[in-house]
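To keep things clear, I will list the structure first and then write my remarks on it.
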Amino acid sequence: MSSNLQDEIVINEGEEDAETNDQVGRLKSFVEEAKELNQLISQFDLNDENRRNQVLYDRFIQILERYQEQSQLLDSHLEEMVVPLMNMARKYSKDQEVLRQVLRTVYFLTKVRGYKTIERFFPHEVTDFETTLSLLESQDPNDFVVWETRYVLLLWFSIIVIIPFDLNRIDANVGGLTLMQRIVKLAKNYLNDSGKTREAAAILLSRALTRPDCGLHLKEFFEWSNEILLANDINRPFLVTGVFGALAAIVKRGKRQEMLEYLPVIFHNLDKVKLNSATHRKLLVKLVQRIGLTFLKPKIASWRYQRGNRSVLENLKSNGPSNQSSQQNEEKEEEEEDIDVPEEIETVLDYLIKGLKDKDTVVRWSSAKGIGRITSRLPKEFADEVVGSFLDFFTIGEGDEAWHGGCLAFAELAKRGLLLPSRLNDVLPLVIKSLQYDERRGAHSVGAHVRDAACYVCWAFGRAYSPQVMRSFVEKLSNALMIVMVYDREVNCRRAAAAAFQENVGRQGNFPHGIDIITTADFFTVAVRSDSYTKISPQIAKFQEYRKSLIDHLAIVKIQHWDRSIRELSAETLGLLVSHDSIYIRDNVLPALLTSCLDPDDLNVRHGGILGVASITLALKRSNVEIPEETLEKIIKLVPAIDAARLYRGRGGELIRHAVCKLIESIALSKIPLSKPSSSDSTTSNNTVKAAAPAVKRSIPTRGKEKSAAAVLTETLDENLKHPKEDIQLAAVSAFTAFTRNCYSFPPKKSAFDLVDRYMKVASTELNMATRRGYNLALGAMPRDFVIPKLGEVLDVLIKACKIETKSDQRDAEARRNAVEGLCRLSQEVGFRSKELSPFIDKIFGAFLSSANDYCIDNRGDVGSWVREASIKAMFTLVSGLVTPSNEEEGVNASLKESIVHSFVGKLIILSLDRIDRLRSTAGKILLRTVNHSPSIPFIKRHEQLKSILPPGTPDTWAVTSNSSSLVVSLIEFEEYRESILYGIIPTIGSSTTVPVLEASNALLEYLKALKSKGDEKSLELTKEIGNRIAVMLNKYSKLDRFVNSCFKVVSQLLSNGCFDNLQPETSSFSTDLLDITEKIVSQSRDLQKVSIGIYVFCWLLLFSNPTRSRSFHMILQLIISSFPKVRRLTAEETYIRIMTDEHIVPEENLNQVMSLLSETHWDQEVTKETEEKRDKLFELLKLEKPSQPIQLSVNLRGSNADLEYAELVKE
């Protein structure tokens, strides 16, 4: 194959990978690669190299796979592809390798387009008969690598075998077998295959045995098949499958009179066959239905319903077109000739009806199609009995299989006109009932397949019957479909209902507001469940015909659904529908839900009821709809009643708590008085108090035997704030926010200040982690007027809560995260630019900045990342809040200092290089918003350069490590951000997360290599500054293990790639500074891992000239007789590798001796005098002076004054 063609294929493959995302979801209208496909085929036959080149075939197959979903586009090009390929197969039939490649390509064509379409282009000449048969006989059935070859050969031979010629004329009688005997024997062997060759063998048998001259062989095959089916041989599990497939194909293709003669042999023994799989049952159903069709004469029933003209355009032009032919057909009673129905048909129908209840869908589907075909040849009375037998399927006692099978059968009968309009009164109520089928089983339900099949029935009805026939059912059917379309839990059911509704709108033309609805709710828009509930259904509820059924379904069915998310969506949607029919919901739905809130038996009913009451109450108030006093009283007493009934306990208590928080929030936002105002209060209260719920201030916890409603609500919120579940805490905080702003008097009284004091005390002294989490958030949710008198104290409590706890058993990342969020929210509530908060800005920012350095880890992983993420969000809120909007005159707030902005931007850069995708994405987005903030944030250093690197339209790909790393690393040239970038990227490279490590290290290496390749003075100076900065940072953070270990790894990697080769001791202090700090860290370290990583640094520093090299050797030779075997062995191994790679670092005359001493000495054994002598010999050979004081390592011990075990010291 030419090199140009090779290059073209590689280029095409690259384009394929690059364009993958663009092709997703894009439908094609023609074969874009048709020219390339033809070129590839022409290249196949150029020379022997091309014929055997796997790349060519793989490229051809790669293109074909793109058209798997739109295979019909290939039809106009199939002949140009199949004919040359099959000619190649004929030409190179003796070359097994070429034949395999070619026929594998043909197989992929059959896979994409189907064998029935492809086999039409197979060559079918008599001269190919013997050749193809010989090829098949020479194949090894056990060679599973070339099964595609056998499959295509069997298909090809099945075409050749139906050529009308006398087999006896070419029969050579090889091995004492006739041609037909050879064919049957060959195909029988493949019937036991486990792959697609079994299907091809069945096709071959059906075509060979139905030839006019093969009657005797057909009879023998039936007898053999009968023996196989009855034998139930477990050693040949696939043979029964193959026999069933072959029999079904033969009965379908064979002549009726011939089949009637041989079929009884098989038919009467089918009930004795042991069916071991769904495939067997499916094939049995297929065989039985074809046997039944053979027993009946091939005559279409004259009594079937015929709709006549089905023009969609006519239906849309005239709402319900007349269809006289349908009416006449329904009224006309034709005289039918007597049809003799064999007794076997009853047995056939029994098989098929039983198959409708099978546990596998494929069997039910095949049974339904079989019933449709059989019924089309039955007399009218007999067919009506068949339909009547399905009606019993739709009862409570039947399982979901029967409901599903019955729906499929109804659809098939309707499509064929076999379900007469007179039966619709019986059938349609069952179909509508099936549209709502949902049977609870444990923690899930079954019924989605039943609802989907019911939608299929509705779709079939829309196509089958005239508008006049369906007119009386339109109202019920349209409402039932609408409910499934917008409220079903499963996306496939919603889409099926949308398709059925659209079909009926087009075909029937009399669905109310059909066009308006299908433009709003179609196959694609209903895909997202939340949108179907909250966006689409309110738009449909504008139409009166659907409104009541939508509301009733939500209030009766979906609000009690077993899935929590469905209940929550239902409650939210009920609130949205209030604006369309507030009176009906207030008078009918709300009282019913109030009753269900205390249901003693069903948790789902209680939970849904509480959520529904909360949503409707708030919606009614916002719609200015007056709620009766009696109903309001029930709503207020609902929370105390739930508490009294102890519904928070036991299974589902968390759900009730969450729902009660929603209810309290709704009561507060609706400003419902929690107690009736007294007459004296009514006359003395001023207008301000009236506007702020006058009765509530008297309801804040009072002393007495019976607690007031407000006291119960307050206690409930307190309990939920202490709950360990985060969603309950968040719901409680949301309710607390609404409650404190709507249910307390303003200006606040003593009770409000007492509340602040109590929450501060709990947040600062409570040991329970869950309680601290909730109260930290609650403190941040306090109203401004509540905290202003004690603002400093509240801020101190939250700032203290942001810090990492001193005692390890009290550390809780969620509590610190919530403290950060609470502090930010409280500051925002008070006002970042307010005079009250200005004195505390530095302290608040300092708390956020400190939290951004939270790297705590527990058994869940890097839990500190939650705190870091919350802190950078809080810092951005603070900084942007201090920037004066452009329409104000006083300029930047004095509290916004340059140090704050610089620290903030630096921290964003650090976290935009973090190893965690979520955190990196958040930091990158905030960095982009900060740089391009409007109005501009002052004091950002290198602001214009940052804007050019991070323009407003920068794609949101921060979660992709390669993109974020390469983008941010480019900022390293700016001295102001250099340390931040290094502090962010070094721990990422040194982490154990594979992808971020690889991408981040590549970004840094590429940048430094680019500097080295430039070679100019500016690049050299920048490289020197980067190296020196790394050494300074290593010294600065020498006590921070997380940074030191990672820095050692990164330095070793940079040194190994030659990034600092030009920083020799003669021109830069980088190597000596790095050596000094590394020696200091390793000498003082109590961590074996850190010492081990430091050894690599010493070894790579050997590449630098003296004095760095000699000092590095000194450290290595002292470590080589360390007290710890692992350290000794690792030092010797790495030093040996370094010297072997770079021989110039050792005096040439002593190289062999040094290598021998390092490799032959067992350094991990106990240090003896001999070992020390060998070490001293190395000093001599390396021409180094032996130090008077050897280095001592202080390794981290397991216990005080305890020695590590030997196994621990030597382990890897």
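Residues are referred to by chain and number: the chain letter is A, B, ... according to the order shown in the structure tokens, the number counts from 1 in that chain, and ligands are numbered separately from 1 in the order shown.
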
Open item on the list: Set the distance at 9 Å and use only C-alpha atoms: which residues neighbour Glu976 in chain A once local chain neighbours fewer than 3 positions away are removed? I'd like the list as a ChimeraX atom specification.
Closed with: /A:902,906,941-942,972-973,979-980

Keeping only N, CA, C and O atoms, write those residues as an mmCIF file, in the first residue's frame.
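Result file is selection07.cif:
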```
data_model
loop_
_atom_site.group_PDB
_atom_site.id
_atom_site.type_symbol
_atom_site.label_atom_id
_atom_site.label_comp_id
_atom_site.auth_asym_id
_atom_site.auth_seq_id
_atom_site.Cartn_x
_atom_site.Cartn_y
_atom_site.Cartn_z
ATOM 1 N N HIS A 902 -5.361 41.063 46.375
ATOM 2 C CA HIS A 902 -4.224 40.250 45.937
ATOM 3 C C HIS A 902 -4.288 38.845 46.539
ATOM 4 O O HIS A 902 -4.047 37.842 45.847
ATOM 5 N N GLY A 906 -4.800 35.434 44.317
ATOM 6 C CA GLY A 906 -3.795 34.389 44.466
ATOM 7 C C GLY A 906 -4.397 33.065 44.887
ATOM 8 O O GLY A 906 -4.012 31.997 44.400
ATOM 9 N N LYS A 941 -3.517 43.007 40.287
ATOM 10 C CA LYS A 941 -2.231 43.212 39.636
ATOM 11 C C LYS A 941 -2.213 42.539 38.265
ATOM 12 O O LYS A 941 -2.746 41.444 38.095
ATOM 13 N N ARG A 942 -1.593 43.221 37.316
ATOM 14 C CA ARG A 942 -1.526 42.730 35.934
ATOM 15 C C ARG A 942 -2.931 42.502 35.370
ATOM 16 O O ARG A 942 -3.179 41.516 34.667
ATOM 17 N N ILE A 972 2.694 32.204 34.966
ATOM 18 C CA ILE A 972 3.874 32.065 35.822
ATOM 19 C C ILE A 972 4.942 33.102 35.490
ATOM 20 O O ILE A 972 5.845 33.359 36.285
ATOM 21 N N GLU A 973 4.840 33.708 34.306
ATOM 22 C CA GLU A 973 5.815 34.735 33.948
ATOM 23 C C GLU A 973 5.642 36.002 34.787
ATOM 24 O O GLU A 973 6.554 36.826 34.883
ATOM 25 N N GLU A 979 4.338 32.425 42.796
ATOM 26 C CA GLU A 979 4.279 31.544 43.962
ATOM 27 C C GLU A 979 2.913 30.882 44.074
ATOM 28 O O GLU A 979 2.811 29.707 44.449
ATOM 29 N N SER A 980 1.844 31.610 43.737
ATOM 30 C CA SER A 980 0.502 31.022 43.799
ATOM 31 C C SER A 980 0.363 29.866 42.824
ATOM 32 O O SER A 980 -0.207 28.817 43.151
#
```

Task: Long-range neighbours of Gln436 in chain A as a PyMOL selection string, 9 Å cut-off, only C-alpha atoms, 5 positions minimum in chain - done: chain A and resi 447+450-451+480+483-484+488

TODO: List the neighbours of range 359-366 of chain A out to 7 Å using only C-alpha atoms; skip same-chain residues closer than 5 positions along the sequence, and give me the result as a PyMOL selection string.
DONE: chain A and resi 278+281-282+285-286+401+405+408

Task: Nearest-residue call for Ser850 in chain A, choices A:Gly924, A:Gly864, A:Pro938, A:Pro987, using only C-alpha atoms - done: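 Smallest distance to Ser850 in chain A is found for A:Gly864.
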
TODO: May I have the residues within 9 Å of Leu574 in chain A as a PyMOL selection string, using only C-alpha atoms and disregarding those fewer than 5 positions away in the same chain?
DONE: chain A and resi 551+554-555+569+585+612+615-616+619

Output of the above residues as a short mmCIF file (atom, residue, chain, number, x, y, z; two decimals), in the first residue's frame, restricted to N, CA, C and O atoms:
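Output below, filename selection.cif:
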```cif
data_model
loop_
_atom_site.label_atom_id
_atom_site.label_comp_id
_atom_site.auth_asym_id
_atom_site.auth_seq_id
_atom_site.Cartn_x
_atom_site.Cartn_y
_atom_site.Cartn_z
N ILE A 551 -55.27 18.44 37.74
CA ILE A 551 -55.25 18.74 39.17
C ILE A 551 -55.64 17.52 39.99
O ILE A 551 -54.99 17.17 40.98
N LEU A 554 -52.84 14.87 40.13
CA LEU A 554 -51.77 15.25 41.06
C LEU A 554 -52.20 15.07 42.51
O LEU A 554 -51.47 14.53 43.33
N ALA A 555 -53.42 15.53 42.81
CA ALA A 555 -53.89 15.54 44.20
C ALA A 555 -54.25 14.16 44.71
O ALA A 555 -54.17 13.90 45.92
N LEU A 569 -42.34 17.03 43.29
CA LEU A 569 -42.72 17.72 42.06
C LEU A 569 -44.23 17.94 41.98
O LEU A 569 -44.69 18.99 41.51
N ILE A 585 -59.08 24.29 43.81
CA ILE A 585 -58.00 23.74 44.64
C ILE A 585 -58.23 24.08 46.10
O ILE A 585 -58.01 23.25 47.00
N GLY A 612 -48.03 19.10 49.85
CA GLY A 612 -49.10 19.71 49.07
C GLY A 612 -49.73 20.89 49.80
O GLY A 612 -50.00 21.94 49.20
N SER A 615 -47.34 23.90 49.69
CA SER A 615 -47.26 24.54 48.37
C SER A 615 -48.53 25.30 48.04
O SER A 615 -48.50 26.44 47.56
N ILE A 616 -49.69 24.70 48.29
CA ILE A 616 -50.96 25.33 47.95
C ILE A 616 -51.22 26.55 48.82
O ILE A 616 -51.69 27.59 48.34
N ALA A 619 -49.18 29.42 47.57
CA ALA A 619 -49.66 29.86 46.26
C ALA A 619 -50.97 30.63 46.39
O ALA A 619 -51.20 31.62 45.69
#
```

Task: Computed interatomic separation between CA of Ala815 in chain A and CA of Thr771 in chain A (Å) - done: 8.7 Å

Task: Gln289 in chain A environment, 9 Å, only C-alpha atoms, sequence neighbours closer than 5 positions dropped, as a ChimeraX atom specification - done: /A:284,294,348-349,351-352,367,369-371,373-374

Task: Spatial neighbours of His1162 in chain A, max dist 10 Å, only C-alpha atoms, sep filter under 5 positions, as a list of chain:residue names - done: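 My list of contacting residues is A:Pro1125, A:Arg1128, A:Arg1129, A:Ala1132, A:Leu1157, A:Val1167, A:Thr1171.
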
Keeping only all heavy atoms, write the selected residues as an mmCIF file, in the first residue's frame.
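The result, stored in selection_37.cif:
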```cif
data_model
loop_
_atom_site.group_PDB
_atom_site.id
_atom_site.type_symbol
_atom_site.label_atom_id
_atom_site.label_comp_id
_atom_site.auth_asym_id
_atom_site.auth_seq_id
_atom_site.Cartn_x
_atom_site.Cartn_y
_atom_site.Cartn_z
ATOM 1 N N PRO A 1125 17.068 -0.381 56.480
ATOM 2 C CA PRO A 1125 17.373 -1.145 55.260
ATOM 3 C C PRO A 1125 16.736 -0.558 53.998
ATOM 4 O O PRO A 1125 17.367 -0.536 52.943
ATOM 5 C CB PRO A 1125 16.791 -2.533 55.573
ATOM 6 C CG PRO A 1125 16.754 -2.600 57.057
ATOM 7 C CD PRO A 1125 16.489 -1.216 57.542
ATOM 8 N N ARG A 1128 18.815 2.329 52.779
ATOM 9 C CA ARG A 1128 20.105 1.896 52.230
ATOM 10 C C ARG A 1128 19.944 1.304 50.838
ATOM 11 O O ARG A 1128 20.689 1.658 49.909
ATOM 12 C CB ARG A 1128 20.748 0.864 53.171
ATOM 13 C CG ARG A 1128 21.058 1.401 54.562
ATOM 14 C CD ARG A 1128 22.038 0.491 55.292
ATOM 15 N NE ARG A 1128 21.525 -0.852 55.505
ATOM 16 C CZ ARG A 1128 20.799 -1.243 56.551
ATOM 17 N NH1 ARG A 1128 20.502 -0.360 57.504
ATOM 18 N NH2 ARG A 1128 20.379 -2.484 56.686
ATOM 19 N N ARG A 1129 18.959 0.409 50.699
ATOM 20 C CA ARG A 1129 18.775 -0.248 49.402
ATOM 21 C C ARG A 1129 18.360 0.757 48.320
ATOM 22 O O ARG A 1129 18.873 0.754 47.205
ATOM 23 C CB ARG A 1129 17.717 -1.349 49.519
ATOM 24 C CG ARG A 1129 17.578 -2.155 48.219
ATOM 25 C CD ARG A 1129 16.566 -3.273 48.330
ATOM 26 N NE ARG A 1129 15.209 -2.763 48.378
ATOM 27 C CZ ARG A 1129 14.391 -2.867 49.427
ATOM 28 N NH1 ARG A 1129 14.836 -3.460 50.537
ATOM 29 N NH2 ARG A 1129 13.173 -2.391 49.392
ATOM 30 N N ALA A 1132 21.298 3.003 47.209
ATOM 31 C CA ALA A 1132 22.239 2.295 46.331
ATOM 32 C C ALA A 1132 21.657 2.097 44.938
ATOM 33 O O ALA A 1132 22.353 2.296 43.921
ATOM 34 C CB ALA A 1132 22.596 0.952 46.961
ATOM 35 N N LEU A 1157 30.843 -2.001 43.406
ATOM 36 C CA LEU A 1157 30.542 -1.888 44.831
ATOM 37 C C LEU A 1157 29.043 -1.631 45.067
ATOM 38 O O LEU A 1157 28.433 -2.204 45.974
ATOM 39 C CB LEU A 1157 31.369 -0.749 45.451
ATOM 40 C CG LEU A 1157 32.826 -1.070 45.789
ATOM 41 C CD1 LEU A 1157 33.565 0.182 46.237
ATOM 42 C CD2 LEU A 1157 32.889 -2.144 46.878
ATOM 43 N N VAL A 1167 24.118 -3.554 58.784
ATOM 44 C CA VAL A 1167 25.340 -2.784 58.568
ATOM 45 C C VAL A 1167 26.459 -3.347 59.462
ATOM 46 O O VAL A 1167 26.328 -3.403 60.695
ATOM 47 C CB VAL A 1167 25.114 -1.293 58.883
ATOM 48 C CG1 VAL A 1167 26.421 -0.511 58.711
ATOM 49 C CG2 VAL A 1167 24.023 -0.730 57.995
ATOM 50 N N THR A 1171 30.600 -3.405 55.652
ATOM 51 C CA THR A 1171 29.763 -2.479 54.899
ATOM 52 C C THR A 1171 30.292 -1.063 54.987
ATOM 53 O O THR A 1171 30.355 -0.326 53.999
ATOM 54 C CB THR A 1171 28.313 -2.521 55.435
ATOM 55 O OG1 THR A 1171 27.846 -3.865 55.482
ATOM 56 C CG2 THR A 1171 27.395 -1.694 54.563
#
```

List the spatial neighbours of Val251 in chain A as a PDB file with all heavy atoms, in the first residue's frame - criterion: any atom at most 9 Å away, only C-alpha atoms, same-chain residues fewer than 5 positions off excluded.
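File part-v5.pdb, as written:
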```pdb
ATOM      1  N   SER A 206     -34.291 -23.612   5.254  1.00  0.00           N
ATOM      2  CA  SER A 206     -35.642 -23.252   4.806  1.00  0.00           C
ATOM      3  C   SER A 206     -35.699 -23.114   3.296  1.00  0.00           C
ATOM      4  O   SER A 206     -36.717 -23.456   2.672  1.00  0.00           O
ATOM      5  CB  SER A 206     -36.090 -21.954   5.469  1.00  0.00           C
ATOM      6  OG  SER A 206     -35.333 -20.848   5.020  1.00  0.00           O
ATOM      7  N   ALA A 246     -35.152 -23.078  12.438  1.00  0.00           N
ATOM      8  CA  ALA A 246     -35.241 -23.684  11.110  1.00  0.00           C
ATOM      9  C   ALA A 246     -36.673 -24.092  10.787  1.00  0.00           C
ATOM     10  O   ALA A 246     -37.170 -23.865   9.679  1.00  0.00           O
ATOM     11  CB  ALA A 246     -34.308 -24.898  11.037  1.00  0.00           C
ATOM     12  N   ARG A 256     -48.258 -24.848   1.341  1.00  0.00           N
ATOM     13  CA  ARG A 256     -49.230 -25.192   2.367  1.00  0.00           C
ATOM     14  C   ARG A 256     -49.574 -26.681   2.357  1.00  0.00           C
ATOM     15  O   ARG A 256     -49.642 -27.322   3.417  1.00  0.00           O
ATOM     16  CB  ARG A 256     -50.501 -24.354   2.159  1.00  0.00           C
ATOM     17  CG  ARG A 256     -51.583 -24.628   3.208  1.00  0.00           C
ATOM     18  CD  ARG A 256     -52.697 -23.610   3.124  1.00  0.00           C
ATOM     19  NE  ARG A 256     -53.707 -23.877   4.122  1.00  0.00           N
ATOM     20  CZ  ARG A 256     -54.821 -24.580   3.914  1.00  0.00           C
ATOM     21  NH1 ARG A 256     -55.057 -25.082   2.703  1.00  0.00           N
ATOM     22  NH2 ARG A 256     -55.675 -24.796   4.885  1.00  0.00           N
ATOM     23  N   MET A 259     -46.761 -28.742   3.793  1.00  0.00           N
ATOM     24  CA  MET A 259     -46.638 -28.538   5.231  1.00  0.00           C
ATOM     25  C   MET A 259     -47.737 -29.283   5.988  1.00  0.00           C
ATOM     26  O   MET A 259     -47.506 -29.839   7.059  1.00  0.00           O
ATOM     27  CB  MET A 259     -46.695 -27.041   5.568  1.00  0.00           C
ATOM     28  CG  MET A 259     -45.529 -26.219   5.053  1.00  0.00           C
ATOM     29  SD  MET A 259     -43.950 -26.738   5.746  1.00  0.00           S
ATOM     30  CE  MET A 259     -43.224 -27.550   4.319  1.00  0.00           C
ATOM     31  N   LEU A 263     -46.606 -31.447   9.116  1.00  0.00           N
ATOM     32  CA  LEU A 263     -46.676 -30.693  10.355  1.00  0.00           C
ATOM     33  C   LEU A 263     -47.170 -31.488  11.564  1.00  0.00           C
ATOM     34  O   LEU A 263     -46.697 -31.263  12.682  1.00  0.00           O
ATOM     35  CB  LEU A 263     -47.548 -29.442  10.182  1.00  0.00           C
ATOM     36  CG  LEU A 263     -46.842 -28.240   9.544  1.00  0.00           C
ATOM     37  CD1 LEU A 263     -47.812 -27.075   9.405  1.00  0.00           C
ATOM     38  CD2 LEU A 263     -45.648 -27.814  10.372  1.00  0.00           C
ATOM     39  N   LEU A 287     -43.217 -20.455  15.814  1.00  0.00           N
ATOM     40  CA  LEU A 287     -43.511 -21.686  15.071  1.00  0.00           C
ATOM     41  C   LEU A 287     -44.997 -22.018  15.134  1.00  0.00           C
ATOM     42  O   LEU A 287     -45.622 -22.348  14.116  1.00  0.00           O
ATOM     43  CB  LEU A 287     -42.673 -22.835  15.632  1.00  0.00           C
ATOM     44  CG  LEU A 287     -42.947 -24.225  15.057  1.00  0.00           C
ATOM     45  CD1 LEU A 287     -42.684 -24.251  13.561  1.00  0.00           C
ATOM     46  CD2 LEU A 287     -42.093 -25.279  15.775  1.00  0.00           C
ATOM     47  N   ARG A 290     -47.165 -19.810  12.914  1.00  0.00           N
ATOM     48  CA  ARG A 290     -47.012 -20.126  11.490  1.00  0.00           C
ATOM     49  C   ARG A 290     -47.675 -21.460  11.151  1.00  0.00           C
ATOM     50  O   ARG A 290     -48.181 -21.635  10.045  1.00  0.00           O
ATOM     51  CB  ARG A 290     -45.531 -20.126  11.119  1.00  0.00           C
ATOM     52  CG  ARG A 290     -44.967 -18.708  11.113  1.00  0.00           C
ATOM     53  CD  ARG A 290     -43.509 -18.629  10.777  1.00  0.00           C
ATOM     54  NE  ARG A 290     -43.054 -17.231  10.770  1.00  0.00           N
ATOM     55  CZ  ARG A 290     -41.802 -16.840  10.643  1.00  0.00           C
ATOM     56  NH1 ARG A 290     -40.848 -17.764  10.509  1.00  0.00           N
ATOM     57  NH2 ARG A 290     -41.484 -15.567  10.644  1.00  0.00           N
ATOM     58  N   ILE A 291     -47.659 -22.350  12.108  1.00  0.00           N
ATOM     59  CA  ILE A 291     -48.412 -23.594  11.904  1.00  0.00           C
ATOM     60  C   ILE A 291     -49.901 -23.284  11.804  1.00  0.00           C
ATOM     61  O   ILE A 291     -50.622 -23.830  10.958  1.00  0.00           O
ATOM     62  CB  ILE A 291     -48.122 -24.581  13.042  1.00  0.00           C
ATOM     63  CG1 ILE A 291     -46.677 -25.098  12.955  1.00  0.00           C
ATOM     64  CG2 ILE A 291     -49.100 -25.748  13.015  1.00  0.00           C
ATOM     65  CD1 ILE A 291     -46.267 -25.981  14.129  1.00  0.00           C
ATOM     66  N   THR A 294     -50.800 -21.955   8.559  1.00  0.00           N
ATOM     67  CA  THR A 294     -50.808 -23.021   7.552  1.00  0.00           C
ATOM     68  C   THR A 294     -52.123 -23.793   7.592  1.00  0.00           C
ATOM     69  O   THR A 294     -52.677 -24.179   6.552  1.00  0.00           O
ATOM     70  CB  THR A 294     -49.626 -23.973   7.787  1.00  0.00           C
ATOM     71  OG1 THR A 294     -48.407 -23.233   7.803  1.00  0.00           O
ATOM     72  CG2 THR A 294     -49.565 -25.036   6.699  1.00  0.00           C
TER      73      THR A 294
END
```

TODO: Would you mind reading off the distance between CA of Glu385 in chain A and CA of Pro467 in chain A, one decimal, in Å?
DONE: 26.2 Å

Task: Point-to-point distance in Å for CA of Arg657 in chain A and CA of His723 in chain A - done: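 Taking CA of His723 in chain A as the start and CA of Arg657 in chain A as the end point, the length is 9.3 Å.
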
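The shortest atom-to-atom distance to Ala414 in chain A, with only C-alpha atoms taken into account, belongs to A:Ala368 out of A:Leu99, A:Ala368, A:Leu928, A:Ile672.
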
Open item on the list: Can you tell me, as a VMD selection string, which residues in range 526-611 of chain A count as alpha helix (DSSP H) by DSSP?
Closed with: chain A and resid 529 to 531 537 to 540 544 to 556 564 to 577 582 to 584 590 to 596 603 to 611
